$ cat query_39.txt   # compact mmCIF, C-alpha atoms
# COMPACT_ATOMS: atom_id res chain seq x y z
CA MET X 241 17.32 -16.80 57.81
CA ASN X 242 17.84 -13.97 60.22
CA ALA X 243 18.30 -13.06 63.84
CA ARG X 244 18.16 -9.28 63.60
CA ARG X 245 15.28 -6.98 64.45
CA GLU X 246 13.96 -3.95 62.67
CA ASP X 247 12.45 -0.73 63.97
CA GLY X 248 11.55 2.63 62.37
CA MET X 249 10.38 2.65 58.76
CA ARG X 250 10.34 5.40 56.12
CA ASP X 251 9.07 5.68 52.57
CA LYS X 252 11.15 5.10 49.46
CA THR X 253 10.08 5.59 45.85
CA MET X 254 10.43 2.47 43.70
CA THR X 255 11.39 2.54 40.05
CA GLN X 256 12.04 -0.05 37.35
CA GLY X 257 15.02 -0.68 35.07
CA HIS X 258 17.11 -3.31 33.18
CA ALA X 259 20.04 -5.78 34.21
CA GLU X 260 23.32 -7.49 33.23
CA GLN X 261 24.31 -11.07 34.05
CA VAL X 262 26.77 -11.64 36.86
CA THR X 263 28.61 -14.72 38.05
CA LEU X 264 28.53 -16.40 41.43
CA PRO X 265 31.38 -14.86 43.44
CA ASP X 266 33.89 -16.96 45.32
CA ALA X 267 35.91 -16.16 48.42
CA ALA X 268 38.75 -14.53 46.49
CA ALA X 269 36.81 -12.50 43.93
CA ARG X 270 34.89 -9.25 44.13
CA HIS X 271 31.26 -9.44 43.08
CA THR X 272 30.44 -8.28 39.59
CA PRO X 273 27.90 -5.48 40.10
CA LEU X 274 24.33 -6.03 39.01
CA ALA X 275 23.56 -2.44 38.12
CA VAL X 276 20.14 -2.55 36.47
CA LEU X 277 17.17 -4.92 36.28
CA ASP X 278 16.44 -6.43 32.86
CA ALA X 279 13.12 -7.97 31.82
CA GLU X 280 14.37 -11.54 32.22
CA THR X 281 15.47 -11.00 35.81
CA ALA X 282 12.29 -9.10 36.61
CA GLU X 283 10.25 -12.06 35.35
CA LEU X 284 12.36 -14.40 37.48
CA VAL X 285 11.75 -12.23 40.56
CA ARG X 286 8.00 -12.22 39.93
CA LEU X 287 8.08 -15.99 39.56
CA ALA X 288 9.96 -16.38 42.86
CA ALA X 289 7.31 -14.34 44.66
CA LEU X 290 4.42 -16.33 43.24
CA LEU X 291 6.11 -19.67 43.88
CA ALA X 292 6.34 -18.66 47.54
CA GLY X 293 2.90 -17.15 47.97
CA GLY X 294 0.72 -17.34 44.88
CA SER X 295 -2.28 -19.51 44.09
CA GLU X 296 -1.97 -22.55 41.86
CA GLY X 297 -3.39 -20.52 38.98
CA ASP X 298 -0.93 -17.70 39.64
CA ILE X 299 1.96 -20.16 39.65
CA ARG X 300 0.89 -21.77 36.39
CA GLU X 301 0.62 -18.36 34.74
CA ALA X 302 4.00 -17.28 36.11
CA LEU X 303 5.69 -20.48 34.98
CA ALA X 304 4.23 -20.10 31.49
CA GLY X 305 5.59 -16.58 31.33
CA ALA X 306 8.96 -17.71 32.61
CA ALA X 307 9.12 -20.51 30.04
CA ALA X 308 8.91 -17.87 27.31
CA GLN X 309 11.17 -15.23 28.86
CA VAL X 310 13.65 -16.76 31.31
CA ARG X 311 16.46 -19.23 30.71
CA ALA X 312 15.40 -22.64 31.93
CA GLU X 313 18.33 -23.22 34.28
CA TRP X 314 17.42 -20.07 36.21
CA VAL X 315 13.81 -21.16 36.55
CA GLU X 316 14.83 -24.56 37.83
CA GLU X 317 17.20 -23.09 40.40
CA VAL X 318 14.49 -20.76 41.73
CA ILE X 319 12.09 -23.69 41.97
CA LEU X 320 14.72 -25.65 43.90
CA GLN X 321 15.44 -22.84 46.34
CA THR X 322 11.73 -22.29 46.94
CA TYR X 323 11.71 -25.17 49.41
CA LEU X 324 13.96 -23.18 51.73
CA PHE X 325 11.49 -20.29 51.94
CA ALA X 326 8.09 -21.82 51.24
CA GLY X 327 8.45 -25.55 51.94
CA PHE X 328 8.64 -28.76 49.95
CA PRO X 329 4.95 -28.87 48.92
CA ARG X 330 5.22 -25.62 46.95
CA ALA X 331 8.57 -26.61 45.45
CA LEU X 332 7.27 -30.03 44.41
CA ASN X 333 4.07 -28.63 42.90
CA ALA X 334 6.03 -25.96 41.05
CA ALA X 335 8.46 -28.53 39.67
CA ARG X 336 5.58 -30.69 38.48
CA GLU X 337 3.92 -27.76 36.70
CA TRP X 338 7.26 -26.66 35.24
CA ARG X 339 7.88 -30.07 33.69
CA ARG X 340 4.42 -29.98 32.12
CA ILE X 341 4.55 -26.38 30.91
CA SER X 342 8.15 -26.31 29.70
CA GLY X 343 8.20 -29.81 28.22
CA ARG X 344 11.69 -30.25 29.71
CA SER X 345 12.61 -33.56 31.29
CA ALA X 346 14.46 -33.60 34.57
CA PRO X 347 18.19 -34.32 34.33
CA THR X 348 19.10 -37.91 35.11
CA VAL X 349 21.92 -36.67 37.35
CA ASP X 350 22.20 -33.41 39.27
CA ALA X 351 25.48 -32.19 37.82
CA GLU X 352 25.41 -29.07 40.01
CA ALA X 353 25.10 -30.89 43.32
CA ILE X 354 27.62 -30.02 46.02
CA ASP X 355 27.89 -33.48 47.54
CA ASP X 356 31.16 -33.34 49.45
CA PRO X 357 30.31 -32.38 53.07
CA ALA X 358 33.49 -30.36 53.57
CA GLU X 359 32.95 -28.40 50.36
CA ARG X 360 29.30 -27.85 51.20
CA LEU X 361 30.25 -26.47 54.62
CA ALA X 362 32.96 -24.21 53.19
CA GLN X 363 30.71 -22.94 50.39
CA GLY X 364 27.89 -22.39 52.86
CA GLU X 365 30.07 -20.36 55.19
CA ARG X 366 31.38 -18.22 52.32
CA THR X 367 27.95 -17.60 50.84
CA CYS X 368 26.35 -16.83 54.19
CA ALA X 369 29.21 -14.50 55.11
CA THR X 370 28.74 -12.69 51.81
CA VAL X 371 25.02 -12.23 52.39
CA TYR X 372 25.34 -11.07 56.00
CA GLY X 373 28.61 -9.15 55.82
CA ARG X 374 29.52 -7.66 59.18
CA PHE X 375 26.45 -9.27 60.76
CA TYR X 376 27.64 -12.81 59.96
CA GLU X 377 29.32 -13.74 63.25
CA ARG X 378 26.43 -12.39 65.28
CA LEU X 379 23.98 -14.31 63.09
CA ARG X 380 25.80 -17.60 63.76
CA VAL X 381 25.73 -17.01 67.52
CA ASN X 382 22.06 -16.01 67.52
CA ILE X 383 20.90 -18.94 65.40
CA ALA X 384 22.92 -21.43 67.44
CA GLU X 385 21.22 -20.06 70.56
CA LEU X 386 17.88 -20.91 68.98
CA HIS X 387 19.10 -24.45 68.26
CA PRO X 388 22.45 -25.76 67.01
CA ALA X 389 20.66 -27.86 64.41
CA LEU X 390 19.18 -24.72 62.87
CA ASP X 391 22.65 -23.19 62.60
CA GLN X 392 24.03 -26.33 60.95
CA TRP X 393 21.10 -26.65 58.55
CA MET X 394 21.24 -22.96 57.67
CA ILE X 395 24.90 -23.18 56.65
CA GLU X 396 25.17 -26.66 55.14
CA GLU X 397 21.68 -27.10 53.73
CA GLY X 398 20.58 -23.56 52.95
CA TYR X 399 23.69 -21.62 52.01
CA GLY X 400 25.88 -24.60 51.10
CA LYS X 401 23.74 -27.15 49.29
CA VAL X 402 21.20 -24.78 47.75
CA LEU X 403 22.27 -21.14 47.54
CA SER X 404 25.85 -21.88 46.48
CA ARG X 405 24.79 -23.79 43.36
CA ALA X 406 26.47 -22.36 40.28
CA PRO X 407 23.71 -22.03 37.63
CA LEU X 408 22.23 -18.89 39.21
CA ASP X 409 24.41 -16.08 40.55
CA LEU X 410 24.10 -14.99 44.16
CA ALA X 411 22.81 -11.49 43.42
CA ARG X 412 19.83 -12.85 41.50
CA ARG X 413 19.24 -15.51 44.15
CA GLU X 414 19.07 -12.77 46.76
CA LEU X 415 16.62 -10.74 44.69
CA CYS X 416 14.41 -13.82 44.43
CA ILE X 417 14.67 -14.33 48.19
CA VAL X 418 13.64 -10.71 48.72
CA ALA X 419 10.56 -11.41 46.58
CA ALA X 420 9.73 -14.62 48.46
CA CYS X 421 10.11 -12.99 51.88
CA ALA X 422 8.00 -10.01 50.83
CA ILE X 423 5.02 -12.02 49.61
CA ALA X 424 5.25 -14.26 52.69
CA ARG X 425 5.30 -11.19 54.97
CA GLN X 426 8.50 -12.33 56.65
CA ASP X 427 9.75 -8.88 57.56
CA ARG X 428 12.81 -9.89 59.58
CA GLN X 429 14.10 -12.15 56.84
CA LEU X 430 13.25 -9.51 54.24
CA HIS X 431 15.35 -7.02 56.19
CA SER X 432 18.33 -9.39 56.10
CA HIS X 433 18.02 -10.20 52.42
CA LEU X 434 17.62 -6.57 51.37
CA HIS X 435 21.06 -6.16 52.90
CA GLY X 436 22.10 -9.47 51.35
CA ALA X 437 21.16 -8.40 47.82
CA LEU X 438 23.39 -5.36 48.20
CA HIS X 439 26.21 -7.45 49.66
CA ALA X 440 25.91 -9.92 46.76
CA GLY X 441 26.42 -7.19 44.17
CA ALA X 442 22.96 -5.82 43.32
CA SER X 443 22.77 -2.05 43.15
CA ALA X 444 20.30 -0.09 45.27
CA ALA X 445 18.38 0.69 42.08
CA VAL X 446 18.06 -3.02 41.30
CA VAL X 447 16.72 -3.75 44.78
CA SER X 448 14.24 -0.88 44.45
CA ASP X 449 13.14 -2.26 41.10
CA THR X 450 12.75 -5.74 42.60
CA LEU X 451 10.40 -4.39 45.25
CA ALA X 452 8.49 -2.60 42.49
CA VAL X 453 8.06 -5.87 40.60
CA VAL X 454 6.61 -7.52 43.70
CA ALA X 455 4.47 -4.55 44.79
CA PRO X 456 1.41 -5.42 42.61
CA LEU X 457 1.25 -8.80 44.37
CA LEU X 458 1.08 -7.21 47.85
CA ASP X 459 -1.42 -5.27 49.91
CA ALA X 460 -0.96 -1.52 50.04
CA ASP X 461 -0.01 -1.71 53.72
CA ASP X 462 2.71 -4.24 52.93
CA VAL X 463 4.08 -2.05 50.15
CA ARG X 464 4.27 0.96 52.45
CA ARG X 465 5.91 -1.09 55.18
CA TYR X 466 8.51 -2.52 52.82
CA GLN X 467 9.24 0.87 51.33
CA GLY X 468 10.01 2.08 54.84
CA LEU X 469 12.08 -1.00 55.62
CA TRP X 470 14.09 -0.53 52.43
CA ALA X 471 14.67 3.12 53.30
CA ARG X 472 15.98 2.03 56.69
CA VAL X 473 18.37 -0.48 55.08
CA GLN X 474 19.75 2.35 52.95
CA GLY X 475 20.13 4.58 55.99
CA LYS X 476 17.68 7.17 54.75

$ encode --input "query_39.txt" --output "structure tokens"
Amino acid sequence: MNARREDGMRDKTMTQGHAEQVTLPDAAARHTPLAVLDAETAELVRLAALLAGGSEGDIREALAGAAAQVRAEWVEEVILQTYLFAGFPRALNAAREWRRISGRSAPTVDAEAIDDPAERLAQGERTCATVYGRFYERLRVNIAELHPALDQWMIEEGYGKVLSRAPLDLARRELCIVAACAIARQDRQLHSHLHGALHAGASAAVVSDTLAVVAPLLDADDVRRYQGLWARVQGK
């Protein structure tokens, strides 16, 4: 979800670390910083990448690992948001495998659904504005110029209905989006969501560590390109 362009790229060294849980911010509250990347979040990030671009075998292996290391509600939210970045077929297949591997039944009612259209719109605008920061107004204009339906779907469907759901905080959602965009080679969207992870409360070290988690799943050329892109986002 992006309308910006990137140019020049420089290298950035990636490291790994550990993390603390944060809560989904609202319009009135500051974001609780996500300062370091813990093993659970790293496993979630790896899962998000493979859901978006891995083979069926890779996805089964990643889901089995997540079942042992990641809280189930986080896994389910990442599976749900996968359809925004990789399509319904991957999300449906992942959900089917997750039910089998985890042994968890689906809830009979989606208690986290944001069903009210006005609330969904308001939540979507807040979440999107958080992710894009000072680029938000320009984004809305640019996407509407592509098609007004895309602008509406981006806000109400993407940022409102899906990315504003409470069980997974926005910083971790953005890290998972970074992973999905990286493995899918969607450089423009990756550029936006590298910014978005910072805007949502992840530290620069956490974003670096997220790219390091995804790096073994990428070609060397992709890794170098994303290192340069990340350096550009940081102004280095």

$ closest_residue --input "query_39.txt" --among "X:Arg300, X:Arg412, X:Arg311, X:Arg366" --to "Gly400 in chain X" --atoms "only C-alpha atoms"
X:Arg366

$ closest_residue --input "query_39.txt" --among "X:Ala369, X:Ala308, X:Ala445, X:Leu303" --to "Trp338 in chain X" --atoms "all atoms listed in the file"
X:Leu303

$ residues_around --input "query_39.txt" --residues "Leu324 in chain X" --least-positions-apart "2" --cutoff "10 Å" --atoms "all atoms listed in the file" --output "ChimeraX atom specification"
/X:241,292,319-322,326-328,331,394,397-399,402-403,417

$ closest_residue --input "query_39.txt" --among "X:Arg374, X:Arg344, X:His387, X:Arg425" --to "Asp462 in chain X" --atoms "all atoms listed in the file"
X:Arg425

$ closest_residue --input "query_39.txt" --among "X:Gly373, X:Pro407, X:Gly293, X:Gly468" --to "Val315 in chain X" --atoms "all atoms listed in the file"
X:Pro407

$ build_atoms --input "query_39.txt" --residues "range 416-449 of chain X" --atoms "N, CA and C atoms" --output "PDB file, in the coordinates of the input"
ATOM      1  N   CYS X 416      15.537 -12.879  44.379  1.00  0.00           N
ATOM      2  CA  CYS X 416      14.410 -13.820  44.430  1.00  0.00           C
ATOM      3  C   CYS X 416      14.011 -14.114  45.879  1.00  0.00           C
ATOM      4  N   ILE X 417      14.977 -14.135  46.773  1.00  0.00           N
ATOM      5  CA  ILE X 417      14.670 -14.330  48.190  1.00  0.00           C
ATOM      6  C   ILE X 417      13.930 -13.115  48.738  1.00  0.00           C
ATOM      7  N   VAL X 418      14.361 -11.928  48.340  1.00  0.00           N
ATOM      8  CA  VAL X 418      13.640 -10.710  48.720  1.00  0.00           C
ATOM      9  C   VAL X 418      12.169 -10.835  48.303  1.00  0.00           C
ATOM     10  N   ALA X 419      11.928 -11.269  47.079  1.00  0.00           N
ATOM     11  CA  ALA X 419      10.560 -11.410  46.580  1.00  0.00           C
ATOM     12  C   ALA X 419       9.781 -12.434  47.394  1.00  0.00           C
ATOM     13  N   ALA X 420      10.405 -13.573  47.701  1.00  0.00           N
ATOM     14  CA  ALA X 420       9.730 -14.620  48.460  1.00  0.00           C
ATOM     15  C   ALA X 420       9.405 -14.159  49.876  1.00  0.00           C
ATOM     16  N   CYS X 421      10.342 -13.482  50.516  1.00  0.00           N
ATOM     17  CA  CYS X 421      10.110 -12.990  51.880  1.00  0.00           C
ATOM     18  C   CYS X 421       9.029 -11.917  51.905  1.00  0.00           C
ATOM     19  N   ALA X 422       8.995 -11.074  50.872  1.00  0.00           N
ATOM     20  CA  ALA X 422       8.000 -10.010  50.830  1.00  0.00           C
ATOM     21  C   ALA X 422       6.591 -10.574  50.716  1.00  0.00           C
ATOM     22  N   ILE X 423       6.377 -11.506  49.798  1.00  0.00           N
ATOM     23  CA  ILE X 423       5.020 -12.020  49.610  1.00  0.00           C
ATOM     24  C   ILE X 423       4.584 -12.876  50.793  1.00  0.00           C
ATOM     25  N   ALA X 424       5.552 -13.453  51.504  1.00  0.00           N
ATOM     26  CA  ALA X 424       5.250 -14.260  52.690  1.00  0.00           C
ATOM     27  C   ALA X 424       5.135 -13.424  53.954  1.00  0.00           C
ATOM     28  N   ARG X 425       5.365 -12.124  53.837  1.00  0.00           N
ATOM     29  CA  ARG X 425       5.300 -11.190  54.970  1.00  0.00           C
ATOM     30  C   ARG X 425       6.279 -11.579  56.087  1.00  0.00           C
ATOM     31  N   GLN X 426       7.445 -11.987  55.703  1.00  0.00           N
ATOM     32  CA  GLN X 426       8.500 -12.330  56.650  1.00  0.00           C
ATOM     33  C   GLN X 426       9.450 -11.139  56.758  1.00  0.00           C
ATOM     34  N   ASP X 427       9.051 -10.157  57.555  1.00  0.00           N
ATOM     35  CA  ASP X 427       9.750  -8.880  57.560  1.00  0.00           C
ATOM     36  C   ASP X 427      11.190  -8.983  58.050  1.00  0.00           C
ATOM     37  N   ARG X 428      11.446  -9.787  59.061  1.00  0.00           N
ATOM     38  CA  ARG X 428      12.810  -9.890  59.580  1.00  0.00           C
ATOM     39  C   ARG X 428      13.746 -10.487  58.537  1.00  0.00           C
ATOM     40  N   GLN X 429      13.271 -11.541  57.874  1.00  0.00           N
ATOM     41  CA  GLN X 429      14.100 -12.150  56.840  1.00  0.00           C
ATOM     42  C   GLN X 429      14.233 -11.219  55.629  1.00  0.00           C
ATOM     43  N   LEU X 430      13.168 -10.491  55.323  1.00  0.00           N
ATOM     44  CA  LEU X 430      13.250  -9.510  54.240  1.00  0.00           C
ATOM     45  C   LEU X 430      14.315  -8.469  54.546  1.00  0.00           C
ATOM     46  N   HIS X 431      14.340  -7.998  55.770  1.00  0.00           N
ATOM     47  CA  HIS X 431      15.350  -7.020  56.190  1.00  0.00           C
ATOM     48  C   HIS X 431      16.750  -7.542  55.912  1.00  0.00           C
ATOM     49  N   SER X 432      17.006  -8.794  56.309  1.00  0.00           N
ATOM     50  CA  SER X 432      18.330  -9.390  56.100  1.00  0.00           C
ATOM     51  C   SER X 432      18.673  -9.498  54.624  1.00  0.00           C
ATOM     52  N   HIS X 433      17.708  -9.919  53.816  1.00  0.00           N
ATOM     53  CA  HIS X 433      18.020 -10.200  52.420  1.00  0.00           C
ATOM     54  C   HIS X 433      17.989  -8.943  51.550  1.00  0.00           C
ATOM     55  N   LEU X 434      17.388  -7.862  52.024  1.00  0.00           N
ATOM     56  CA  LEU X 434      17.620  -6.570  51.370  1.00  0.00           C
ATOM     57  C   LEU X 434      19.088  -6.194  51.507  1.00  0.00           C
ATOM     58  N   HIS X 435      19.616  -6.332  52.722  1.00  0.00           N
ATOM     59  CA  HIS X 435      21.060  -6.160  52.900  1.00  0.00           C
ATOM     60  C   HIS X 435      21.822  -7.155  52.040  1.00  0.00           C
ATOM     61  N   GLY X 436      21.382  -8.418  52.053  1.00  0.00           N
ATOM     62  CA  GLY X 436      22.100  -9.470  51.350  1.00  0.00           C
ATOM     63  C   GLY X 436      22.189  -9.227  49.853  1.00  0.00           C
ATOM     64  N   ALA X 437      21.122  -8.704  49.255  1.00  0.00           N
ATOM     65  CA  ALA X 437      21.160  -8.400  47.820  1.00  0.00           C
ATOM     66  C   ALA X 437      22.233  -7.370  47.518  1.00  0.00           C
ATOM     67  N   LEU X 438      22.327  -6.355  48.369  1.00  0.00           N
ATOM     68  CA  LEU X 438      23.390  -5.360  48.200  1.00  0.00           C
ATOM     69  C   LEU X 438      24.759  -5.986  48.373  1.00  0.00           C
ATOM     70  N   HIS X 439      24.913  -6.795  49.404  1.00  0.00           N
ATOM     71  CA  HIS X 439      26.210  -7.450  49.660  1.00  0.00           C
ATOM     72  C   HIS X 439      26.609  -8.371  48.515  1.00  0.00           C
ATOM     73  N   ALA X 440      25.628  -8.973  47.849  1.00  0.00           N
ATOM     74  CA  ALA X 440      25.910  -9.920  46.760  1.00  0.00           C
ATOM     75  C   ALA X 440      26.201  -9.230  45.442  1.00  0.00           C
ATOM     76  N   GLY X 441      26.045  -7.903  45.381  1.00  0.00           N
ATOM     77  CA  GLY X 441      26.420  -7.190  44.170  1.00  0.00           C
ATOM     78  C   GLY X 441      25.311  -6.464  43.460  1.00  0.00           C
ATOM     79  N   ALA X 442      24.054  -6.574  43.941  1.00  0.00           N
ATOM     80  CA  ALA X 442      22.960  -5.820  43.320  1.00  0.00           C
ATOM     81  C   ALA X 442      23.045  -4.364  43.751  1.00  0.00           C
ATOM     82  N   SER X 443      22.787  -3.469  42.822  1.00  0.00           N
ATOM     83  CA  SER X 443      22.770  -2.050  43.150  1.00  0.00           C
ATOM     84  C   SER X 443      21.499  -1.705  43.915  1.00  0.00           C
ATOM     85  N   ALA X 444      21.499  -0.552  44.574  1.00  0.00           N
ATOM     86  CA  ALA X 444      20.300  -0.090  45.270  1.00  0.00           C
ATOM     87  C   ALA X 444      19.143   0.075  44.290  1.00  0.00           C
ATOM     88  N   ALA X 445      19.434   0.532  43.083  1.00  0.00           N
ATOM     89  CA  ALA X 445      18.380   0.690  42.080  1.00  0.00           C
ATOM     90  C   ALA X 445      17.752  -0.644  41.715  1.00  0.00           C
ATOM     91  N   VAL X 446      18.571  -1.692  41.623  1.00  0.00           N
ATOM     92  CA  VAL X 446      18.060  -3.020  41.300  1.00  0.00           C
ATOM     93  C   VAL X 446      17.155  -3.530  42.423  1.00  0.00           C
ATOM     94  N   VAL X 447      17.551  -3.309  43.660  1.00  0.00           N
ATOM     95  CA  VAL X 447      16.720  -3.750  44.780  1.00  0.00           C
ATOM     96  C   VAL X 447      15.405  -2.974  44.791  1.00  0.00           C
ATOM     97  N   SER X 448      15.465  -1.674  44.546  1.00  0.00           N
ATOM     98  CA  SER X 448      14.240  -0.880  44.450  1.00  0.00           C
ATOM     99  C   SER X 448      13.324  -1.424  43.352  1.00  0.00           C
ATOM    100  N   ASP X 449      13.917  -1.745  42.218  1.00  0.00           N
ATOM    101  CA  ASP X 449      13.140  -2.260  41.100  1.00  0.00           C
ATOM    102  C   ASP X 449      12.536  -3.632  41.428  1.00  0.00           C
TER     103      ASP X 449
END
